[in-house]
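Novice: Pasting a structure here, questions to come.
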Amino acid sequence: MAPTPDSILYDSYGPHIDGEFVRSAGDDQFTTTDPATGEPITTLDAASADDVDQAVAVAREAAPEWRSTAPDERGRIATRIADTIRDNADDLAHLESYDQGKPLTQARSDVEGAARFFEYYAGAADKLEGNQVPTDEDSLIVTSREPYGVSGQIIPWNFPLNLTARGVAPAIVAGNTVVAKPAPTTPLSALHLAELCREAGLPDGVFNVVPGGSEPGAALSAHDDVDALTFTGSVATGQAVMESAAKTITPVTLELGGKNPAIVMPDADLDEAAFWIGTGIFTNAGQICSATDRALVHESVYDEVVDRLVARAESTELGPGVDDPDMGPLNHEAHYESVLEYIDAGRDSDATLAAGGEPLEGDGYFVEPTIFTDVDPQSRLAQEEIFGPVLTVIPFADREEAIEIANDVDFGLTGGVFSNDVKQALSMARRIEAGNVYVNEWFGGSVETPFGGVKASGIGREKGLEALDSYLQTRTITVNLDERE
Ligand code: NAD
């Protein structure tokens, strides 16, 4: 029988500190709702600033023993966490689908990705080597890679479990302890993950979770005893986190938004291009920082590509995530209102509404897959991150114009080129200002691939071996070997 909220949910939820759920020191509670119905799922104790203090103190206390645990043992524990996630995959995927709204197939893929993060970094645990620096024979210089200590992690609501695992796995494998704050509309999977980590043998205090909104988020990012911060979310909140971090000189990794260009050249395989652009904007109801927000299409193939994209939008089936449709609802009411407001702005502009544009009647936060064509590259629709199933299509006349439009935004997270001319595709890919560029596909790469932005899209890289750089700092030891007579 498929898991239901009743069969998955715990009796009560609050901060998960030192290996157990605790009541909050404050008296705030909040409710997480099913975005397909707007009905409450469960009520949680919100972590207060005092709870954050407590979680950070516990993480700090656990840090010396955890960093001195043999690396191969840390790796074995991470492997067991991956196995435990897989053993509970069905429950976790249903939980994520109820809480976030995403189709079950996508939730299952997120859960498998979460397991992969622990498995992948487990293999790196005993290979985090330093160097020996060549010098003259009278000295020895060696470097080692040391954990920072306590890692504070602030997580958004679009991939709640997957992004928690993306930060927690490399942090703990590198010997750090963690205090994570999930988003207030999707707190459940991170809390369940903390329980599963404990079940897999992660010592108490190594991974703590403080659910709630901006109060625990701000308390965590301003905390004196947090040694490194990982933030994924909007530019505005990222700036606030960075400002707090400046006061305590704490390093930050920021994964922020995107307004990503997908360029379709005249020689592209048009079916392939339309498939990937549709997938890139309608997956997870467009709530993906790396989505195909802007399709830049050469004028000679413009109508053909638009026809294909409109057909894709119109054939996309909407429904509650647990029924596994093509597309689920938006995650929460305020975001739903924000996406509808962008659609209104599009209607009021000179752009043409080519598909969708309406909320679905009835309960839940459903918005039709929407396409605006002939969008002015300088308009709000083409410049600001909508973070919903709203594609803007922009024509261009030649390669130079395509690159100019592609780069003329504040963001630089992902971008892509569709072309069967390998020289053209690669030379254009090199000119797109983005941390990740796809050629003839979208969402390329996986757990093993460094991911992050340039410009306003962020600082640092997550995923791949490069992510470990955010959780390790170099120590240099110099030794005098000069034997004076
Ligand atoms: P958000 O910035 O509103 O919230 C992100 C997190 O920050 C949440 O946990 C929130 O509770 C917390 N927060 C809120 N106020 C805070 C404060 N003052 N101090 C500290 N923490 C605070 O972002 P969101 O709306 O949850 O997520 C959507 C945004 O995230 C989009 O812009 C999207 O592009 C971006 N995002 C980026 C990536 C990436 O990898 N680059 C991934 C997912 C989402």
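In the structure tokens, chains take the letters A, B, ... in the order shown, each chain's residues start at 1, and ligands count up from 1 in the order shown.
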Can you list, as a PDB file with N, CA and C atoms, in the first residue's frame, every protein, DNA or RNA residue that comes within 8 Å of A:Asp323 when you count only C-alpha atoms, leaving out same-chain residues fewer than 3 positions away?

Specialist:
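And here's result.pdb as it stands now:
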```
ATOM      1  N   PRO A 103       5.950  15.895  -8.375  1.00  0.00           N
ATOM      2  CA  PRO A 103       5.525  14.566  -8.807  1.00  0.00           C
ATOM      3  C   PRO A 103       6.400  13.471  -8.180  1.00  0.00           C
ATOM      4  N   LEU A 104       5.752  12.355  -7.898  1.00  0.00           N
ATOM      5  CA  LEU A 104       6.419  11.272  -7.181  1.00  0.00           C
ATOM      6  C   LEU A 104       7.696  10.789  -7.883  1.00  0.00           C
ATOM      7  N   GLY A 319      -1.414  17.845 -11.602  1.00  0.00           N
ATOM      8  CA  GLY A 319      -2.136  17.128 -10.549  1.00  0.00           C
ATOM      9  C   GLY A 319      -1.323  17.106  -9.274  1.00  0.00           C
ATOM     10  N   PRO A 320      -1.901  16.562  -8.199  1.00  0.00           N
ATOM     11  CA  PRO A 320      -1.160  16.436  -6.950  1.00  0.00           C
ATOM     12  C   PRO A 320       0.093  15.580  -7.164  1.00  0.00           C
TER      13      PRO A 320
END
```

Novice: Which residues sit within 7 Å of ligand 1, counting only C-alpha atoms and all ligand atoms, listed as a ChimeraX atom specification?

Specialist: /A:154-159,181-184,212-215,217-218,221,232-238,240-241,255-258,288-289,385,387,413,452-453,457

Novice: Based on the selection just made, write C-alpha atoms of those residues as a tab-separated table (two decimals), in the first residue's frame.

Specialist:
```tsv
chain	number	residue	atom	x	y	z
A	154	ILE	CA	20.30	27.23	5.21
A	155	ILE	CA	18.14	25.37	2.72
A	156	PRO	CA	15.34	26.40	0.29
A	157	TRP	CA	12.04	24.66	-0.43
A	158	ASN	CA	12.46	23.52	-4.03
A	159	PHE	CA	14.60	20.40	-3.41
A	181	LYS	CA	17.80	25.09	8.79
A	182	PRO	CA	15.24	23.85	6.26
A	183	ALA	CA	12.69	26.21	4.68
A	184	PRO	CA	9.48	26.77	6.67
A	212	GLY	CA	11.48	27.55	11.09
A	213	GLY	CA	11.67	30.73	9.03
A	214	SER	CA	13.85	33.79	9.03
A	215	GLU	CA	14.36	33.92	12.83
A	217	GLY	CA	17.99	31.48	9.72
A	218	ALA	CA	19.21	34.90	10.81
A	221	SER	CA	24.02	33.13	9.97
A	232	THR	CA	20.93	28.25	-1.00
A	233	GLY	CA	18.07	30.59	-1.78
A	234	SER	CA	17.26	34.02	-3.13
A	235	VAL	CA	19.74	36.81	-3.85
A	236	ALA	CA	18.17	39.12	-1.23
A	237	THR	CA	18.49	36.58	1.59
A	238	GLY	CA	21.94	35.57	0.36
A	240	ALA	CA	21.64	39.30	4.27
A	241	VAL	CA	23.50	36.09	5.15
A	255	GLU	CA	23.92	29.21	-4.35
A	256	LEU	CA	21.48	31.85	-5.57
A	257	GLY	CA	19.08	32.22	-8.44
A	258	GLY	CA	19.31	32.22	-12.22
A	288	ILE	CA	14.58	25.20	-10.19
A	289	CYS	CA	17.41	27.69	-10.05
A	385	GLU	CA	13.74	35.18	-11.74
A	387	PHE	CA	10.86	30.53	-10.33
A	413	LEU	CA	24.02	30.17	-13.06
A	452	GLY	CA	27.40	26.97	-8.89
A	453	GLY	CA	27.09	30.44	-10.30
A	457	SER	CA	24.16	33.63	-8.92
```

Novice: When you count only C-alpha atoms, which of these residues is closest to A:Glu112: A:Asp138, A:Leu468, A:Pro325, A:Ser446?

Specialist: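 Closest residue, counting only C-alpha atoms: A:Ser446.
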
Novice: Of the candidates A:Ile263, A:Ile81, A:Ala59, A:Ala169, which shows the shortest atom-to-atom distance to A:Glu401, using only C-alpha atoms?

Specialist: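 The shortest atom-to-atom distance to A:Glu401 comes from A:Ile263.
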
Novice: Quick one: everything within 10 Å of stretch 304-308 of chain A, counting only C-alpha atoms, minus sequence neighbours fewer than 3 positions away in the same chain. Send it as a list in words.

Specialist: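 What passes the distance filter is Val264, Leu270, Asp271, Ala273, Ala274, Phe275, Ile277, Gly278, Ala295, Val297, His298, Glu299, Ser300, Val301, Ala311, Arg312, Ala313, Glu314, Ala354, Ala355, Ile371, Phe372, Thr373 and Val393 of chain A.
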
Novice: Residues at most 12 Å from A:Glu73, counting only C-alpha atoms, excluding those fewer than 6 positions away in the same chain, as a list in words?

Specialist: Trp66, Arg67, Thr79, Arg80, Ala122, Gly123, Ala124, Ala125, Asp126, Ile172, Val173, Ala174, Gly175, Gly201, Leu202 and Pro203 of chain A

Novice: Measuring atom to atom with only C-alpha atoms, identify which of A:Glu272, A:Glu20, A:Glu39, A:Glu195 is nearest to A:Asn88.

Specialist: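 The answer is A:Glu195, which sits nearest to A:Asn88.
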
Novice: From the set A:Leu472, A:Ala262, A:Ala36, A:Ala107, which residue has the shortest atom-to-atom contact distance to A:Asn176, counting only C-alpha atoms?

Specialist: A:Leu472

Novice: Give me every helix (DSSP H, G or I) residue in stretch 79-146 of chain A, going by DSSP on the backbone, as a ChimeraX atom specification.

Specialist: /A:79-87,89-100,104-122,125-127

Novice: Would you work out the distance separating atom CA of A:Thr253 from atom CA of A:Ala456, expressed in Å to one decimal?

Specialist: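 That distance, rounded to one decimal, is 12.6 Å.
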